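Engineer: Below is a structure I'd like to ask you about.
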Amino acid sequence: MFKKTIIIDENYEGVKKLNSFWYVYDGDLNIDGDCEIKINLRVEGYQRVKGDQIVEGDQIVEGYIVILGKKTTFSLSLKQDRYRLYFMSNIIKIGCENHSPIEWKKFEDSQIEEMDTGALDWWKKWKYFVLNTHSELVKIYGKPNKE
């Protein structure tokens with residue numbers, strides 16, 4: 001089966017540079033296939049991806065996200081104090097760190113401390129919020145298919 005992959009970078013039609021860090025897509029983003037986002041993208045509308053979504057930068061969606069792929073059943077992004085959080089059914093991304101929920105639970109304080117200056121203080125304050133939020137999202141939206 002052929003899977004179409006759309007790579008969104010600074011040259012993707014409709015993407016404009018907002019500032020030195022963010023790019024913006026003003027409107028609805030409908031992808032009929034897989035989506036790979038290679039930039040820090042802000043979508044100011046509705047986002048619908050019929051496939052898998054991989055985000056290498058940060059992403060803000062002003063409207064709402066629907067992902068109909070096989071590897072994730074939900075996607076939620078929010079900013080909590082100093083870090084952008086990105087929740088998917090099998091991944092929690094905090095800042096630039098992507099790990100499974102199990103890995104996040106098992107990290108020692110020394111490992112968190114090495115990730116970023118001040119990361120351990122942030123983690124001690126927000127750890128339970130992050131893990132509980134992810135757990136509740138899994139309860140509501142389910143785990144990904146294993147295909």
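The chains in the structure tokens are called A, B, ... from first to last as shown; in each chain the residues are counted from 1, and the ligands are counted from 1 in the order shown.
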Using only C-alpha atoms, which protein or nucleic acid residues come within 7 Å of Trp22 in chain A? Drop anything in the same chain fewer than 5 positions from it, and give the result as a ChimeraX atom specification.

Structural biologist: /A:17,40-42

Engineer: Quick one: everything within 9 Å of range 6-10 of chain A, counting only C-alpha atoms, minus sequence neighbours fewer than 6 positions away in the same chain. Send it as a list in words.

Structural biologist: Lys16, Lys17, Tyr23, Ile31, Asp32, Gly33, Asp34, Cys35, Glu36, Ile37, Lys38, Ile39, Asn40 and Leu41 of chain A

Engineer: If we count only C-alpha atoms, what is near range 124-141 of chain A at a cut-off of 12 Å, once residues fewer than 4 positions away on the same chain are taken out, given as an NGL selection string?

Structural biologist: :A and (66-68 or 72-94 or 99-109 or 112-113 or 118-120 or 145)

Engineer: Using the selection just defined, write its residues with N, CA and C atoms as a compact mmCIF listing (two decimals), in the first residue's frame.

Structural biologist:
# COMPACT_ATOMS: atom_id res chain seq x y z
N VAL A 66 -7.19 16.99 14.63
CA VAL A 66 -7.75 15.64 14.48
C VAL A 66 -6.69 14.83 13.76
N ILE A 67 -6.20 13.77 14.37
CA ILE A 67 -5.24 12.89 13.72
C ILE A 67 -5.87 11.52 13.60
N LEU A 68 -5.95 11.03 12.37
CA LEU A 68 -6.63 9.77 12.12
C LEU A 68 -5.65 8.68 11.74
N THR A 72 -1.02 7.12 16.51
CA THR A 72 -1.46 7.93 17.63
C THR A 72 -2.96 8.11 17.55
N THR A 73 -3.61 8.16 18.68
CA THR A 73 -5.04 8.38 18.70
C THR A 73 -5.38 9.78 19.18
N PHE A 74 -4.40 10.51 19.68
CA PHE A 74 -4.64 11.89 20.08
C PHE A 74 -3.34 12.67 20.01
N SER A 75 -3.47 13.98 20.01
CA SER A 75 -2.34 14.88 19.97
C SER A 75 -2.75 16.15 20.69
N LEU A 76 -1.98 16.56 21.67
CA LEU A 76 -2.30 17.78 22.42
C LEU A 76 -1.01 18.52 22.70
N SER A 77 -1.00 19.80 22.44
CA SER A 77 0.18 20.62 22.70
C SER A 77 -0.22 21.79 23.59
N LEU A 78 0.58 22.06 24.60
CA LEU A 78 0.35 23.22 25.46
C LEU A 78 1.66 23.67 26.07
N LYS A 79 1.69 24.90 26.56
CA LYS A 79 2.89 25.42 27.19
C LYS A 79 2.66 25.47 28.69
N GLN A 80 3.61 24.94 29.45
CA GLN A 80 3.52 24.94 30.90
C GLN A 80 4.79 25.56 31.45
N ASP A 81 4.69 26.75 31.97
CA ASP A 81 5.85 27.51 32.42
C ASP A 81 6.85 27.64 31.27
N ARG A 82 8.01 27.07 31.41
CA ARG A 82 9.09 27.30 30.44
C ARG A 82 9.12 26.32 29.28
N TYR A 83 8.37 25.24 29.32
CA TYR A 83 8.46 24.21 28.28
C TYR A 83 7.14 24.02 27.54
N ARG A 84 7.26 23.76 26.26
CA ARG A 84 6.12 23.33 25.46
C ARG A 84 5.98 21.84 25.67
N LEU A 85 4.76 21.37 25.98
CA LEU A 85 4.46 19.95 26.16
C LEU A 85 3.71 19.47 24.93
N TYR A 86 4.02 18.27 24.50
CA TYR A 86 3.34 17.69 23.35
C TYR A 86 2.99 16.25 23.73
N PHE A 87 1.71 15.96 23.86
CA PHE A 87 1.24 14.65 24.26
C PHE A 87 0.71 13.89 23.05
N MET A 88 1.19 12.69 22.83
CA MET A 88 0.60 11.75 21.88
C MET A 88 0.42 10.45 22.64
N SER A 89 -0.31 9.51 22.06
CA SER A 89 -0.65 8.31 22.80
C SER A 89 0.57 7.52 23.25
N ASN A 90 1.68 7.60 22.52
CA ASN A 90 2.86 6.81 22.90
C ASN A 90 4.08 7.66 23.21
N ILE A 91 3.95 8.99 23.20
CA ILE A 91 5.10 9.89 23.41
C ILE A 91 4.67 11.08 24.25
N ILE A 92 5.58 11.51 25.12
CA ILE A 92 5.45 12.81 25.77
C ILE A 92 6.69 13.59 25.39
N LYS A 93 6.49 14.75 24.78
CA LYS A 93 7.61 15.62 24.43
C LYS A 93 7.57 16.81 25.36
N ILE A 94 8.69 17.05 26.05
CA ILE A 94 8.83 18.21 26.93
C ILE A 94 10.03 18.99 26.40
N HIS A 99 10.18 11.21 24.83
CA HIS A 99 10.32 9.91 25.49
C HIS A 99 8.94 9.31 25.73
N SER A 100 8.91 8.01 25.90
CA SER A 100 7.66 7.34 26.24
C SER A 100 7.29 7.70 27.68
N PRO A 101 6.02 7.56 28.05
CA PRO A 101 5.63 7.82 29.44
C PRO A 101 6.39 6.93 30.42
N ILE A 102 6.66 5.70 30.03
CA ILE A 102 7.40 4.79 30.91
C ILE A 102 8.82 5.32 31.16
N GLU A 103 9.47 5.81 30.09
CA GLU A 103 10.82 6.38 30.25
C GLU A 103 10.79 7.60 31.16
N TRP A 104 9.79 8.48 30.97
CA TRP A 104 9.71 9.67 31.83
C TRP A 104 9.57 9.26 33.30
N LYS A 105 8.77 8.23 33.57
CA LYS A 105 8.58 7.79 34.96
C LYS A 105 9.87 7.25 35.57
N LYS A 106 10.70 6.62 34.75
CA LYS A 106 11.91 5.95 35.26
C LYS A 106 13.14 6.86 35.36
N PHE A 107 13.09 8.05 34.78
CA PHE A 107 14.27 8.92 34.82
C PHE A 107 14.66 9.25 36.25
N GLU A 108 15.95 9.15 36.52
CA GLU A 108 16.51 9.58 37.79
C GLU A 108 16.63 11.11 37.78
N ASP A 109 16.68 11.71 38.96
CA ASP A 109 16.85 13.17 39.05
C ASP A 109 18.09 13.64 38.30
N ILE A 112 17.34 13.94 34.56
CA ILE A 112 16.51 15.12 34.26
C ILE A 112 17.37 16.37 34.34
N GLU A 113 18.22 16.44 35.36
CA GLU A 113 19.07 17.61 35.57
C GLU A 113 20.00 17.86 34.38
N GLY A 118 17.83 24.02 35.08
CA GLY A 118 16.55 24.23 35.74
C GLY A 118 15.50 23.17 35.46
N ALA A 119 15.85 22.17 34.65
CA ALA A 119 14.87 21.14 34.28
C ALA A 119 14.40 20.34 35.49
N LEU A 120 15.30 20.06 36.41
CA LEU A 120 14.91 19.25 37.57
C LEU A 120 13.90 19.99 38.45
N ASN A 145 -2.88 1.90 17.74
CA ASN A 145 -2.83 0.57 17.15
C ASN A 145 -1.40 0.17 16.97

Engineer: Between CA of Tyr25 in chain A and CA of Val43 in chain A, what distance in Å does the model show, to one decimal?

Structural biologist: 4.9 Å

Engineer: Which distance in Å separates CA of Thr117 in chain A and CA of Cys96 in chain A, to one decimal?

Structural biologist: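 A separation of 13.1 Å between them.
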
Engineer: Report as a PDB file with C-alpha atoms, in the first residue's frame: the residues of range 4-125 of chain A with a DSSP assignment of strand (DSSP E), based on the backbone of this structure.

Structural biologist:
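Final output, part_24.pdb:
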ATOM      1  CA  THR A   5       4.000  11.698   3.167  1.00  0.00           C
ATOM      2  CA  ILE A   6       3.777  15.489   3.306  1.00  0.00           C
ATOM      3  CA  ILE A   7       6.858  17.205   4.704  1.00  0.00           C
ATOM      4  CA  ILE A   8       6.121  20.667   6.013  1.00  0.00           C
ATOM      5  CA  VAL A  15       3.753  28.662   5.248  1.00  0.00           C
ATOM      6  CA  LYS A  16       5.122  32.103   6.084  1.00  0.00           C
ATOM      7  CA  LYS A  17       7.954  33.128   8.385  1.00  0.00           C
ATOM      8  CA  TYR A  23       6.550  29.819  10.962  1.00  0.00           C
ATOM      9  CA  VAL A  24       2.826  30.226  10.537  1.00  0.00           C
ATOM     10  CA  TYR A  25       0.187  28.500   8.425  1.00  0.00           C
ATOM     11  CA  LEU A  29      -4.335  22.373   7.224  1.00  0.00           C
ATOM     12  CA  ASN A  30      -5.802  19.186   5.735  1.00  0.00           C
ATOM     13  CA  ILE A  31      -3.305  16.397   5.037  1.00  0.00           C
ATOM     14  CA  ASP A  34       1.307  11.226   6.730  1.00  0.00           C
ATOM     15  CA  CYS A  35       2.623  14.578   7.947  1.00  0.00           C
ATOM     16  CA  GLU A  36       6.163  15.380   9.008  1.00  0.00           C
ATOM     17  CA  ILE A  37       6.698  18.869  10.447  1.00  0.00           C
ATOM     18  CA  LEU A  41       4.845  25.679  13.043  1.00  0.00           C
ATOM     19  CA  ARG A  42       1.843  27.620  14.237  1.00  0.00           C
ATOM     20  CA  VAL A  43      -1.423  26.585  12.587  1.00  0.00           C
ATOM     21  CA  GLN A  47      -5.620  20.751  11.442  1.00  0.00           C
ATOM     22  CA  ARG A  48      -6.593  17.333  10.116  1.00  0.00           C
ATOM     23  CA  VAL A  49      -4.041  14.613   9.362  1.00  0.00           C
ATOM     24  CA  GLN A  53       2.208  12.888  12.365  1.00  0.00           C
ATOM     25  CA  ILE A  54       5.829  13.480  13.310  1.00  0.00           C
ATOM     26  CA  VAL A  55       6.773  16.867  14.772  1.00  0.00           C
ATOM     27  CA  GLN A  59       3.750  23.246  17.134  1.00  0.00           C
ATOM     28  CA  ILE A  60       0.896  25.499  18.189  1.00  0.00           C
ATOM     29  CA  VAL A  61      -2.600  24.937  16.811  1.00  0.00           C
ATOM     30  CA  ILE A  65      -6.329  18.862  15.868  1.00  0.00           C
ATOM     31  CA  VAL A  66      -7.747  15.643  14.475  1.00  0.00           C
ATOM     32  CA  ILE A  67      -5.236  12.892  13.718  1.00  0.00           C
ATOM     33  CA  SER A  75      -2.337  14.875  19.973  1.00  0.00           C
ATOM     34  CA  LEU A  76      -2.303  17.775  22.419  1.00  0.00           C
ATOM     35  CA  SER A  77       0.178  20.623  22.703  1.00  0.00           C
ATOM     36  CA  LEU A  78       0.347  23.215  25.460  1.00  0.00           C
ATOM     37  CA  LYS A  79       2.890  25.419  27.193  1.00  0.00           C
ATOM     38  CA  GLN A  80       3.517  24.940  30.904  1.00  0.00           C
ATOM     39  CA  TYR A  83       8.461  24.210  28.279  1.00  0.00           C
ATOM     40  CA  ARG A  84       6.118  23.330  25.457  1.00  0.00           C
ATOM     41  CA  LEU A  85       4.463  19.954  26.161  1.00  0.00           C
ATOM     42  CA  TYR A  86       3.340  17.686  23.352  1.00  0.00           C
ATOM     43  CA  PHE A  87       1.237  14.648  24.261  1.00  0.00           C
ATOM     44  CA  MET A  88       0.596  11.754  21.884  1.00  0.00           C
ATOM     45  CA  ILE A  91       5.095   9.887  23.411  1.00  0.00           C
ATOM     46  CA  ILE A  92       5.446  12.808  25.768  1.00  0.00           C
ATOM     47  CA  LYS A  93       7.608  15.621  24.429  1.00  0.00           C
ATOM     48  CA  ILE A  94       8.832  18.210  26.929  1.00  0.00           C
ATOM     49  CA  GLU A  97      13.044  15.765  24.800  1.00  0.00           C
ATOM     50  CA  ASN A  98      10.862  12.976  23.306  1.00  0.00           C
ATOM     51  CA  HIS A  99      10.322   9.910  25.492  1.00  0.00           C
TER      52      HIS A  99
END

Engineer: I need the alpha helix (DSSP H) residues of range 7-140 of chain A per DSSP on the backbone, written as a ChimeraX atom specification.

Structural biologist: /A:101-106,109-115,119-140
